[in-house]
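Single-structure report; data block below.
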Amino acid sequence: MVLVVVFGVALLIAVLLSGLAARTVLSTSLLFLVGGALVSDGFLGLIHITPDSEIVSVTADLALFAVLFTDGMHVSFTKLRANWRNPARALGLGMPLAFVGMALITHYLVGLDWTTSFLVGAVLAPTDPVFASAIVGRKEVPSKLRQLLNVESGINDGLALPVVLILIAAAGPTSGHAEADPGKIALELVLGLVFGVALPWVVIELVRFRLLGAEPKLQPLLPLAVGVILYALCHLTHANPYLAAFSAGAVLTARSLEAKEAFEPLGEALAELAKFAALLVFGALLTPRLFGDLSFGGYAAVVLAIVLIRPASLLLSLLGTRFTRQEKLVAAWFGPKGFASVVYGLLVLQAGIPQGEEAFTLIAVCIAFSIIAHSSTDVPIARLFHVEGLAGVEEAGDASPRTVEEAGHVGA
């Protein structure tokens, strides 16, 4: 119950400070991360959580699923068909470049063997827009930039997972958590996609039967029911839950805009709660001992991962596109490491591979630094677009003109 009390107090403080956080570099995400660290064994000792605690993997898994489900609802298939090349560049070129670049600096600066270094690269390659919500969720930011980051982060989690599993098995003797059969991994990805498309499609068709239909006050619960069933179904069948969540959200929006609009307030609130809970639990793992275990070379690798590897890889992938220079720089900077990396990092630790603990330490510190860097810079950078919009400078390629009224939502 101590953990519940701590979460409640942190949530209350976050709500009271949310207005200030929306206008400044103050981050509610960072508040939960720091709160978890303060009450952990490393400081006050109020809660006792270790990396192998089930609550760590469960909360991270739930948070990632919830965030991807709601993120999928922001995808427009019409716009995606017209602008699919940019996300394809980020996924097909930018992500592999980041994967290889992270592996190189891990091997040469941290001293891990090549297989484990590439494993670290695969774990840290996926991006998570939840820590840059002011970028992907604000209308004053150009729509094509928001779509690029949203689609990239929604799909790259599923793409990274099979690579992570294969590299865990290749890294050495494991405790049996790794599955290296490429056929089985491919089946899990396909099943996730099939479930994510088929389940919401069937549910929306059922709603359209004359004798069926949701009462207005219960309409927000329809997508929630889809999400709950989908989450359980994926874990029962070992289908990929993250690919399923993102595709289900996108299909729900495409098939029923009414369902999306009814669920959006509830969905965003639930995703925020799941995110905050996972951050609190993850923060409890960030003890002084964890940071002390990382070498100087490890800290150098963490800094380079955030300020060089991701920016350089995405900038290279966006060469020749119609993004403005400012848009390219913003897209390159916002490559936060989030819940996918937490989940995959825990897989690495729990697999029991020879250098698993060293790899997890590097991964955990990198995620912590990324959360601090990206969640504290999203609002100021989003407001740069807000200022331009008010000045009447139209963003190239934006699907619709922004008005002063729309831009005013930045402080909401």
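Residue numbering restarts at 1 for every chain of the structure tokens, chains are lettered A, B, ... in their displayed order, and ligands are numbered from 1 as they appear.
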Please identify all polymer residues within 7 Å of stretch 241-248 of chain A, counting only C-alpha atoms, omitting same-chain residues fewer than 6 positions from it, and present them as a PDB file with C-alpha atoms, in the first residue's frame.
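For reference, out-v3.pdb as written:
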```pdb
ATOM      1  CA  PHE A  65       0.268  -1.100 -24.710  1.00  0.00           C
ATOM      2  CA  LEU A  68       0.422   2.645 -28.423  1.00  0.00           C
ATOM      3  CA  PHE A  69      -3.335   1.997 -28.472  1.00  0.00           C
ATOM      4  CA  ASP A  71      -1.309   6.765 -30.352  1.00  0.00           C
ATOM      5  CA  GLY A  72      -2.739   4.550 -33.078  1.00  0.00           C
ATOM      6  CA  GLY A 154       4.250   3.105 -33.096  1.00  0.00           C
ATOM      7  CA  ILE A 155       5.813   0.626 -35.503  1.00  0.00           C
ATOM      8  CA  ASP A 157       8.690  -1.262 -31.184  1.00  0.00           C
ATOM      9  CA  GLY A 158       7.358  -4.291 -33.048  1.00  0.00           C
ATOM     10  CA  GLY A 192      -0.407  -9.258 -33.481  1.00  0.00           C
ATOM     11  CA  LEU A 193      -1.202  -7.441 -36.720  1.00  0.00           C
ATOM     12  CA  PHE A 195      -5.664  -9.412 -34.070  1.00  0.00           C
ATOM     13  CA  GLY A 196      -5.128  -5.651 -34.095  1.00  0.00           C
ATOM     14  CA  VAL A 197      -6.963  -5.276 -37.401  1.00  0.00           C
ATOM     15  CA  PRO A 200     -11.844  -3.670 -33.822  1.00  0.00           C
ATOM     16  CA  TYR A 231      -4.263  -7.277 -24.478  1.00  0.00           C
ATOM     17  CA  CYS A 234      -2.131 -11.327 -27.273  1.00  0.00           C
TER      18      CYS A 234
END
```
I'd like the contact shell of A:Val141 - 7 Å cut-off, only C-alpha atoms, skipping same-chain residues fewer than 3 positions apart - returned as a list in words.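 My reading of the contact set: Ile135, Arg138, Arg146, Ala382 and Phe385 of chain A.
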Could you pull the residues within 7 Å of stretch 103-117 of chain A, counting only C-alpha atoms, minus those fewer than 4 positions along the same chain, as a ChimeraX atom specification? /A:99,121,167,171,297-298,301
Write the selection just made, keeping N, CA, C and O atoms, as a PDB file, in the first residue's frame?
```pdb
ATOM      1  N   PHE A  99      20.631   1.765 -34.746  1.00  0.00           N
ATOM      2  CA  PHE A  99      20.932   0.439 -34.201  1.00  0.00           C
ATOM      3  C   PHE A  99      22.424   0.135 -34.320  1.00  0.00           C
ATOM      4  O   PHE A  99      23.094  -0.222 -33.336  1.00  0.00           O
ATOM      5  N   GLY A 121      22.042  -1.984 -28.879  1.00  0.00           N
ATOM      6  CA  GLY A 121      21.586  -1.140 -29.974  1.00  0.00           C
ATOM      7  C   GLY A 121      20.149  -1.420 -30.359  1.00  0.00           C
ATOM      8  O   GLY A 121      19.359  -0.491 -30.613  1.00  0.00           O
ATOM      9  N   LEU A 167      18.998 -11.803 -30.754  1.00  0.00           N
ATOM     10  CA  LEU A 167      20.309 -11.440 -30.210  1.00  0.00           C
ATOM     11  C   LEU A 167      20.473 -11.920 -28.769  1.00  0.00           C
ATOM     12  O   LEU A 167      21.586 -12.256 -28.354  1.00  0.00           O
ATOM     13  N   ALA A 171      23.532 -14.319 -27.644  1.00  0.00           N
ATOM     14  CA  ALA A 171      24.530 -13.721 -26.745  1.00  0.00           C
ATOM     15  C   ALA A 171      25.181 -14.740 -25.827  1.00  0.00           C
ATOM     16  O   ALA A 171      26.183 -14.438 -25.185  1.00  0.00           O
ATOM     17  N   GLY A 297      33.078   5.330 -19.617  1.00  0.00           N
ATOM     18  CA  GLY A 297      32.774   5.057 -21.020  1.00  0.00           C
ATOM     19  C   GLY A 297      31.293   4.848 -21.240  1.00  0.00           C
ATOM     20  O   GLY A 297      30.741   5.214 -22.292  1.00  0.00           O
ATOM     21  N   GLY A 298      30.615   4.238 -20.248  1.00  0.00           N
ATOM     22  CA  GLY A 298      29.177   4.049 -20.349  1.00  0.00           C
ATOM     23  C   GLY A 298      28.427   5.365 -20.376  1.00  0.00           C
ATOM     24  O   GLY A 298      27.487   5.541 -21.163  1.00  0.00           O
ATOM     25  N   ALA A 301      28.822   6.892 -23.707  1.00  0.00           N
ATOM     26  CA  ALA A 301      27.947   6.231 -24.672  1.00  0.00           C
ATOM     27  C   ALA A 301      26.510   6.724 -24.543  1.00  0.00           C
ATOM     28  O   ALA A 301      25.808   6.918 -25.546  1.00  0.00           O
TER      29      ALA A 301
END
```
Run DSSP on the backbone of this structure and report the residues of stretch 68-203 of chain A it assigns to alpha helix (DSSP H), as a PyMOL selection string. chain A and resi 68-72+77-82+85-89+95-105+114-124+133-136+143-170+182-203
Using Å and a single decimal, report how far atom CA of A:Thr324 sits from atom CA of A:Arg383.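 These atoms are spaced 16.6 Å apart.
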Shell around A:Ala60 at 9 Å using only C-alpha atoms, local window under 4 positions removed, as a list of chain:residue names: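 Final neighbour list, sorted by chain and number: A:Ile55, A:Val56, A:Leu64, A:Phe65, A:Ala274, A:Lys275, A:Ala277, A:Ala278, A:Leu279, A:Val281, A:Phe282, A:Phe339, A:Ala340, A:Val342, A:Val343.
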Near A:Ser317, counting only C-alpha atoms, which residues have an atom at most 6 Å away, once you skip same-chain residues fewer than 3 positions from it, shown as a PyMOL selection string? chain A and resi 89-90+93-94+314
Proximity to A:Gly292 - best of A:Leu273, A:Val307, A:Leu362, A:Ala254, only C-alpha atoms: A:Leu362
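Counting from atom CA of A:Phe360, the distance to atom CA of A:Met102 is 14.2 Å.
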Expressed in Å to a single decimal, how great is the separation between atom CA of A:Asn240 and atom CA of A:Val75?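 Separation of atom CA of A:Asn240 and atom CA of A:Val75: 19.5 Å.
Residues in contact range of A:Ser370, defined as at most 7 Å between only C-alpha atoms, with sequence neighbours fewer than 6 positions away removed, read Ile306, Pro336 and Lys337 of chain A.
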Atoms to include: N, CA and C atoms. Write the selected residues as a PDB file, in the first residue's frame.
```
ATOM      1  N   ILE A 306      22.113   9.957 -27.169  1.00  0.00           N
ATOM      2  CA  ILE A 306      21.036  10.946 -27.166  1.00  0.00           C
ATOM      3  C   ILE A 306      21.329  12.123 -28.090  1.00  0.00           C
ATOM      4  N   PRO A 336      13.138   9.901 -28.027  1.00  0.00           N
ATOM      5  CA  PRO A 336      13.273   9.450 -26.639  1.00  0.00           C
ATOM      6  C   PRO A 336      13.199   7.936 -26.499  1.00  0.00           C
ATOM      7  N   LYS A 337      13.954   7.432 -25.540  1.00  0.00           N
ATOM      8  CA  LYS A 337      13.899   6.010 -25.193  1.00  0.00           C
ATOM      9  C   LYS A 337      12.825   5.853 -24.118  1.00  0.00           C
TER      10      LYS A 337
END
```
I need the residue nearest A:Leu44 from this list: A:Val6, A:Leu62, A:Leu91, A:Ala125. Use only C-alpha atoms for the distance. A:Val6
Which residues are close to A:Ala239, i.e. within 7 Å by only C-alpha atoms, leaving aside same-chain residues fewer than 6 positions away? Reply as a ChimeraX atom specification. /A:188-189,191-192
Go ahead and save the picked residues with C-alpha atoms, as an mmCIF file, in the first residue's frame.
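Printed below is out.cif as written:
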```
data_model
loop_
_atom_site.group_PDB
_atom_site.id
_atom_site.type_symbol
_atom_site.label_atom_id
_atom_site.label_comp_id
_atom_site.auth_asym_id
_atom_site.auth_seq_id
_atom_site.Cartn_x
_atom_site.Cartn_y
_atom_site.Cartn_z
ATOM 1 C CA GLU A 188 3.873 -13.619 -33.289
ATOM 2 C CA LEU A 189 4.227 -10.416 -35.315
ATOM 3 C CA LEU A 191 -0.774 -12.620 -35.203
ATOM 4 C CA GLY A 192 -0.407 -9.258 -33.481
#
```
